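Only one structure is covered here, and it is reproduced in the block below.
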Amino acid sequence: MSENKYVSVYQQKRHRKNVFIIITIVVLILLMLMISMNTGFIRLTPGELFRTLFGMGTEKQQLILFEFRLPRIVISILVGMALAVSGAILQGVSRNALADPGILGINAGAGLAVMLFISFFPSTTATPVFFLPFLAFVGAGVTAVLIYVLSYKRDEGISPIRLLLTGVAIAAGISAAMIVLTLRLSPENYQFVAVWMAGSIWGSNWKFVIALLPWILILLPIAFAKSRVLNTLNLGEMPATGLGLAIERERLILLAVAVGLAGASVSVSGGIGFIGLIAPHLARQLVGAKHQYLIPTAALVGSLLLITADTIGRWIIEPSEVPAGIVVAVIGAPYFLYLLAKSKA
Amino acid sequence: MSVLTVDQVAVGYANAVIIDGLSVEIPAGKITTIIGPNGCGKSTLLKAVARILKTQSGTVFLDGRAIQQLSTKEVAKKMAILPQSAEAPPGLTIFELVSYGRFPHQRGFGTLKQEDLKHIHWAIEVTGLSELKDRPVEALSGGQRQRVWIAMALAQDTDILVLDEPTTYLDLAHQLDILLLLKKLNEEEGKTIVMVLHDLNHASRFSHYMIAMKDGEVVTEGKPEKVMTHTNLQAVFDINAFLAECPFSQHPICLSYQLNKETDCLSSFSGYSNAR
Amino acid sequence: MSASVKESVEMKKVYKGSRPIMATFIMIGGMIGLLFAIGLSISFGAADIELATVWSSVFHFQPELTSHQIIQEIRLPRVLGAALVGACFAVAGSIMQGMTRNPLADSGLLGLNAGAAFMLAICFAFFPGLPYMYIILFSFLGAAVGAGLVYGVGSVAKGGLTPMRLVLAGAAVSALLAALSEGIAIHFRIGQDLAFWYAGGVSGTKWEHLQIMTPWIVVAIAGAIVLSKSITLLSLGDEVAIGLGQRTGVIKFFGALIVLVLAGAAVSVVGAVGFVGLIVPHLTRFLVGNDYRWIVPCSAILGSLLVVLADFAARMVNPPYETPIGALIALLGVPFFLYLARKGGKEL
């Protein structure tokens with residue numbers, strides 16, 4: 001889009017500014033990556049870090065970096081992206097600024113599945129680490145389908161407001177069921193569920209990365225490719241129809257993408273809901289409402305937030321950790337409030 | 001030139017049929033205005049034509065093909081719609097919003113091609129928004145905002161333009177401004193324009209063809225001279241109109257009017273609230 | 001359509017939509033139902049006591065009888081507590097919904113629930129064994145801090161406290177406080193204690209609490225009724241309300257204050273049984289129309305009735321254990337709310 005008489009200087013500048021913002025966030029993520037790799041009980045000097053990265057460290061350093069820290073970092077990057085994009089899609093589809101993956105009952109559904117499992121099969125053997133994410137994913141999916149079916153009306157299809165209301169109601173019902181279950185749990189099991197629900201990157205294992213990766217690799221590009229559809233949907237039902245958008249079909253596809261992304265990430269990271277709410281808002285402040293920019297920016301902001309939160313969470317009360325979900329809310333919410341107070345009307 | 005025909009259409013909401021078996025033909029290349037009291041079904045008819053409401057029976061034909069059978073994108077290449085109250089999401093510039101009008105012509109990711117840019121540029125130019133095109137939409141006045149939405153519909157590059165009360169909430173000058181723009185588009189670009197208007201005089205002054213509706217049925221249709229008569233207005237609006245000739249268009253206009261039963265003023269007022 | 005026509009049309013719609021006869025019926029019928037439910041709830045429980053005994057224990061109290069003691073010391077305060085709490089949540093919820101024009105609004109939106117929960121977590125973590133009375137006071141303080149934050153952030157911004165901003169600020173403040181209390185709960189391993197506290201519902205209510213709570217609640221509900229006409233106007237939108245000569249800022253401030261007192265008191269006693277505040281106003285509006293002069297008193301009565309019955313059910317479902325009252329209310333409320341969401345869809 002360089003030499004074109006129809007494109008004003010302003011649009012070129014805006015485009016360049018947005019690209020610059022995106023690159024800046026990428027740089028910040030890389031920076032956080034270095035810091036994060038160096039955060040933990042055993043310190044690595046930058047030199048050691050590089051040597052280890054290129055396979056020249058001691059065996060112990062190799063083990064720490066490649067088996068413990070790196071998978072976890074990769075997961076937080078992926079999960080941050082997935083949740084942020086899921087939130088951006090939901091906000092676009094519903095035209096509601098409060099929509100996030102949590103509102104589709106995804107976190108609640110996953111939580112209930114995990115809690116049910118733990119309360120009926122209290123850790124008899126070594127905790128089935130690989131079974132839980134799968135279970136959480138199923139829980140999230142079932143809840144999403146339930147909400148969709150309940151808010152579907154034959155003549156009118158899905159209206160966004162009805163979807164949100166149904167989501168809120170189902171989430172409330174699930175929370176109530178979880179209160180009952182909570183009381184039956186032994187203190188150790190309760191602690192496990194509580195940490196899980198608060199959202200922490202506990203799946204520090206390459207197998208989780210491999211399980212998560214296909215979802216991200218397939219769904220993120222779809223979301224990105226649907227930017228144009230999201231732009232149109234965001235105008236409202238009538239204008240979107242007028243522009244020739246098959247609203248029902250596109251909504252269904254986009255919701256499925258959002259559920260897939262959120263479900264996959266919730267399964268390995270627990271309920272980090274706030275990222276899905278806040279990352280799209282921050283991205284919108286940075287690059288505007290056009291989804292071609294918004295989606296990638298939101299993805300990167302989500303990554304940056306989560307990797308930062310996870311790093312802080314590991315570092316702040318060493319050797320114990322604070323779940324990343326809590327850190328996200330503690331740094332994200334005040335900033336969000338600041339933006340809110342600054343905004344006009 | 002695309003032709004729009006409504007054949008024996010029944011349409012309504014959940015359980016209420018608003019229009020039952022209505023047929024009209026929209027003349028191609030002309031400005032057609034639908035008038036009628038609140039709740040007569042004119043917006044409903046427009047929504048049915050625009051495929052926003054599904055018809056319960058009957059068919060809307062676009063170029064002789066049933067609109068329901070065409071893909072919605074195909075329809076959007078021939079017919080653009082301007083809803084009554086459209087609200088842009090915050091943070092969009094005018095250029096961006098207008099560029100969304102290219103949606104039905106785009107594929108995939110939506111990078112703007114030379115062809116797209118040409119249409120967007122033209123739409124912004126013709127609506128007189130060139131100076132403002134990099135401003136955020138929410139910073140505009142009501143009249144300018146309406147122009148932006150019209151520009152978006154123009155960027156869509158269709159033969160037919162459907163507008164639901166495009167002059168609502170605008171002051172006198174801005175109302176005329178929008179209507180003159182539509183007239184220009186009709187004359188210079190040959191666009192078929194279908195709209196709902198509340199102002200009878202505007203309707204008469206700018207239309208080639210008028211459709212007067214009441215209770216979901218067409219009471220009368222034809223040239224403004226045929227529709228804007230004392231008897232018709234009595235039948236459609238329950239008013240006793242004093243008609244004169246518009247000095248600019250030579251079409252009839254309503255200079256002033258009385259309610260048929262002045263005493264019954266409150267009951268027609270509650271009819272007003274029913275329409276909402 | 002000119003603005004003034006729109007206003008009067010909307011006002012007419014509101015008044016035409018309200019159903020005073022239905023409302024009067026609900027108030028009278030609801031009162032009778034409430035008294036009946038209270039009697040029922042007092043007489044059944046771990047030990048069944050005849051209604052006659054209930055009567056005599058209230059009006060001819062004989063301290064030497066065990067049954068009289070159970071009623072006077074345990075059941076009566078508990079049931080009255082439930083009634084008060086229900087009225088509080090319901091009225092607070094209806095005011096919130098009217099003020100924000102958002103059907104999803106309830107007192108939780110002002111950051112009250114999260115604030116109270118946060119203080120409760122602090123009490124449990126740092127001052128274990130704090131007397132019940134102080135815990136309640138601290139919870140109330142927490143609710144006030146949460147509401148203050150939300151309200152403050154919303155008002156500081158240019159353009160003032162728009163409903164949208166209130167909703168967003170509420171969500172953010174709630175997320176922040178919830179995360180902090182989750183963090184505390186996990187670190188000090190008190191999450192389950194907190195859950196037990198909430199699950200206890202109104203069971204721990206004592207006469208002293210009622211003595212402290214009641215005057216505040218009565219004043220606040222009276223205030224809500226006084227304010228209800230203004231809330232009706234506010235529910236038509238800020239512009240209409242200002243156009244009709246209302247000082248919206250003042251009304252919103254007092255509205256928020258009343259919500260704080262009502263919901264703060266209720267949350268500190270039973271925890272976030274927020275669903276009452278969400279569904280009862282919807283139900284009431286469905287029954288009596290859109291005039292808040294009727295909605296406020298009717299939802300107070302219906303809210304009381306709901307919580308008293310839920311508390312009764314909580315004791316009866318699985319005796320001698322108590323089912324968490326929040327879970328029961330959600331069980332009743334969720335299907336109803338789903339029905340509303342399906343039916344109303346657009347207006348909701």
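If you're wondering about the labels, chains in the structure tokens are A, B, ... by order shown, residues count from 1 in each chain, ligands from 1 in order shown.
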Tell me, counting only C-alpha atoms, for each residue of chain C within 8 Å of chain A, which pair of atoms is nearest and how far apart they are in Å to one decimal, in rows ordered by chain and increasing number, as JSON lines.
{"residue": "C:Leu104", "atom": "CA", "partner": "A:Leu165", "partner_atom": "CA", "distance": 7.5}
{"residue": "C:Val153", "atom": "CA", "partner": "A:Ala341", "partner_atom": "CA", "distance": 5.7}
{"residue": "C:Gly154", "atom": "CA", "partner": "A:Ala341", "partner_atom": "CA", "distance": 6.4}
{"residue": "C:Ser155", "atom": "CA", "partner": "A:Ala341", "partner_atom": "CA", "distance": 7.9}
{"residue": "C:Val156", "atom": "CA", "partner": "A:Ala341", "partner_atom": "CA", "distance": 6.0}
{"residue": "C:Ala157", "atom": "CA", "partner": "A:Ala341", "partner_atom": "CA", "distance": 4.2}
{"residue": "C:Lys158", "atom": "CA", "partner": "A:Lys344", "partner_atom": "CA", "distance": 5.5}
{"residue": "C:Gly159", "atom": "CA", "partner": "A:Ala345", "partner_atom": "CA", "distance": 4.8}
{"residue": "C:Gly160", "atom": "CA", "partner": "A:Ala345", "partner_atom": "CA", "distance": 7.4}
{"residue": "C:Thr162", "atom": "CA", "partner": "A:Ala345", "partner_atom": "CA", "distance": 7.4}
{"residue": "C:Arg165", "atom": "CA", "partner": "A:Leu340", "partner_atom": "CA", "distance": 7.1}
{"residue": "C:Leu168", "atom": "CA", "partner": "A:Leu98", "partner_atom": "CA", "distance": 6.9}
{"residue": "C:Ala169", "atom": "CA", "partner": "A:Leu337", "partner_atom": "CA", "distance": 6.3}
{"residue": "C:Ala171", "atom": "CA", "partner": "A:Leu98", "partner_atom": "CA", "distance": 7.9}
{"residue": "C:Ala172", "atom": "CA", "partner": "A:Ala333", "partner_atom": "CA", "distance": 5.3}
{"residue": "C:Val173", "atom": "CA", "partner": "A:Ala333", "partner_atom": "CA", "distance": 6.7}
{"residue": "C:Ala175", "atom": "CA", "partner": "A:Ala329", "partner_atom": "CA", "distance": 6.2}
{"residue": "C:Leu176", "atom": "CA", "partner": "A:Ala329", "partner_atom": "CA", "distance": 5.2}
{"residue": "C:Ala179", "atom": "CA", "partner": "A:Ile326", "partner_atom": "CA", "distance": 4.8}
{"residue": "C:Leu180", "atom": "CA", "partner": "A:Ile326", "partner_atom": "CA", "distance": 6.8}
{"residue": "C:Glu182", "atom": "CA", "partner": "A:Ala198", "partner_atom": "CA", "distance": 6.8}
{"residue": "C:Gly183", "atom": "CA", "partner": "A:Ile326", "partner_atom": "CA", "distance": 6.4}
{"residue": "C:Ile186", "atom": "CA", "partner": "A:Val195", "partner_atom": "CA", "distance": 6.7}
{"residue": "C:Arg189", "atom": "CA", "partner": "A:Gln191", "partner_atom": "CA", "distance": 6.9}
{"residue": "C:Gly191", "atom": "CA", "partner": "A:Ala194", "partner_atom": "CA", "distance": 7.5}
{"residue": "C:Gln192", "atom": "CA", "partner": "A:Tyr190", "partner_atom": "CA", "distance": 7.0}
{"residue": "C:Ala195", "atom": "CA", "partner": "A:Ile179", "partner_atom": "CA", "distance": 7.0}
{"residue": "C:Phe196", "atom": "CA", "partner": "A:Leu183", "partner_atom": "CA", "distance": 6.8}
{"residue": "C:Ala199", "atom": "CA", "partner": "A:Ile179", "partner_atom": "CA", "distance": 7.6}
{"residue": "C:Phe275", "atom": "CA", "partner": "A:Ala172", "partner_atom": "CA", "distance": 7.9}
{"residue": "C:Thr323", "atom": "CA", "partner": "A:Val180", "partner_atom": "CA", "distance": 7.3}
{"residue": "C:Pro324", "atom": "CA", "partner": "A:Val180", "partner_atom": "CA", "distance": 6.6}
{"residue": "C:Gly326", "atom": "CA", "partner": "A:Ala176", "partner_atom": "CA", "distance": 6.4}
{"residue": "C:Ala327", "atom": "CA", "partner": "A:Ala176", "partner_atom": "CA", "distance": 4.2}
{"residue": "C:Leu328", "atom": "CA", "partner": "A:Ala176", "partner_atom": "CA", "distance": 7.7}
{"residue": "C:Ala330", "atom": "CA", "partner": "A:Gly173", "partner_atom": "CA", "distance": 5.5}
{"residue": "C:Leu331", "atom": "CA", "partner": "A:Gly173", "partner_atom": "CA", "distance": 6.4}
{"residue": "C:Val334", "atom": "CA", "partner": "A:Ala169", "partner_atom": "CA", "distance": 5.4}
{"residue": "C:Phe337", "atom": "CA", "partner": "A:Ala169", "partner_atom": "CA", "distance": 6.5}
{"residue": "C:Leu338", "atom": "CA", "partner": "A:Thr166", "partner_atom": "CA", "distance": 5.8}
{"residue": "C:Ala341", "atom": "CA", "partner": "A:Arg162", "partner_atom": "CA", "distance": 5.7}
{"residue": "C:Arg342", "atom": "CA", "partner": "A:Ser151", "partner_atom": "CA", "distance": 6.5}
{"residue": "C:Gly345", "atom": "CA", "partner": "A:Arg162", "partner_atom": "CA", "distance": 5.5}
{"residue": "C:Lys346", "atom": "CA", "partner": "A:Ile161", "partner_atom": "CA", "distance": 7.6}
Chain B contacts on chain A, only C-alpha atoms, 10 Å, as a PyMOL selection string: chain A and resi 1+4-11+14+92+95+155-156+222+224-229+231-232+234-247+284-285+287-290+292
For Asp7 of chain B: contacts at 7 Å, only C-alpha atoms, fewer than 5 positions along chain excluded, given as number ranges by chain: B: 22-24, 58-60
Contact residues around Trp294 of chain C with only C-alpha atoms at 9 Å, ignoring same-chain residues under 5 positions, as an NGL selection string: :C and (18-20 or 23-24 or 225 or 228 or 284-285 or 288-289 or 299)
Computed interatomic separation between atom CA of Thr192 of chain B and atom CA of Ala66 of chain B (Å):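 Those two atoms sit 18.5 Å apart.
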Residue neighbourhood Thr39 of chain A, 8 Å, only C-alpha atoms, exclusion window fewer than 5 positions, as a ChimeraX atom specification: /A:311,314-315
As a PDB file with C-alpha atoms, in the first residue's frame, please: the residues near Val219 of chain C (cut-off 12 Å, only C-alpha atoms, same-chain neighbours under 3 positions excluded).
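Result written to selection29.pdb:
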ATOM      1  CA  CYS C  88     -32.049  -6.364  50.951  1.00  0.00           C
ATOM      2  CA  MET C 213     -28.753  -4.528  61.013  1.00  0.00           C
ATOM      3  CA  THR C 214     -32.452  -3.803  61.233  1.00  0.00           C
ATOM      4  CA  PRO C 215     -32.438  -0.022  61.744  1.00  0.00           C
ATOM      5  CA  TRP C 216     -30.051   0.486  58.837  1.00  0.00           C
ATOM      6  CA  ALA C 222     -37.619   3.443  53.184  1.00  0.00           C
ATOM      7  CA  GLY C 223     -35.071   5.498  51.271  1.00  0.00           C
ATOM      8  CA  ALA C 224     -35.420   3.146  48.308  1.00  0.00           C
ATOM      9  CA  ILE C 225     -39.169   3.645  48.302  1.00  0.00           C
ATOM     10  CA  VAL C 226     -38.749   7.405  48.472  1.00  0.00           C
ATOM     11  CA  LEU C 257     -25.569   4.553  48.858  1.00  0.00           C
ATOM     12  CA  ILE C 258     -28.783   2.623  49.443  1.00  0.00           C
ATOM     13  CA  VAL C 259     -27.496  -0.318  47.456  1.00  0.00           C
ATOM     14  CA  VAL C 261     -26.171  -0.320  52.827  1.00  0.00           C
ATOM     15  CA  LEU C 262     -28.638  -3.009  51.762  1.00  0.00           C
TER      16      LEU C 262
END
Which of segment 158-326 of chain C fall in helix (DSSP H, G or I), as a ChimeraX atom specification: /C:163-188,191-199,201-204,207-234,238-243,248-270,275-288,292-316,325-326
Every residue of segment 93-342 of chain A that DSSP places in strand (DSSP E), as an MDAnalysis selection string: chainID A and resid 152:153 157:158
Go ahead and dump the residues you just picked, N, CA and C atoms, as a short mmCIF file (atom, residue, chain, number, x, y, z; two decimals), in the first residue's frame.
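Final output, saved to selection20.cif:
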data_model
loop_
_atom_site.label_atom_id
_atom_site.label_comp_id
_atom_site.auth_asym_id
_atom_site.auth_seq_id
_atom_site.Cartn_x
_atom_site.Cartn_y
_atom_site.Cartn_z
N TYR A 152 -30.63 -20.99 21.57
CA TYR A 152 -31.05 -21.07 20.17
C TYR A 152 -32.57 -21.04 20.09
N LYS A 153 -33.09 -20.22 19.19
CA LYS A 153 -34.53 -20.19 18.97
C LYS A 153 -34.78 -20.48 17.51
N GLY A 157 -32.80 -17.89 15.52
CA GLY A 157 -31.41 -18.29 15.68
C GLY A 157 -30.85 -17.83 17.00
N ILE A 158 -29.60 -17.38 16.98
CA ILE A 158 -28.92 -16.98 18.20
C ILE A 158 -28.87 -15.47 18.26
#
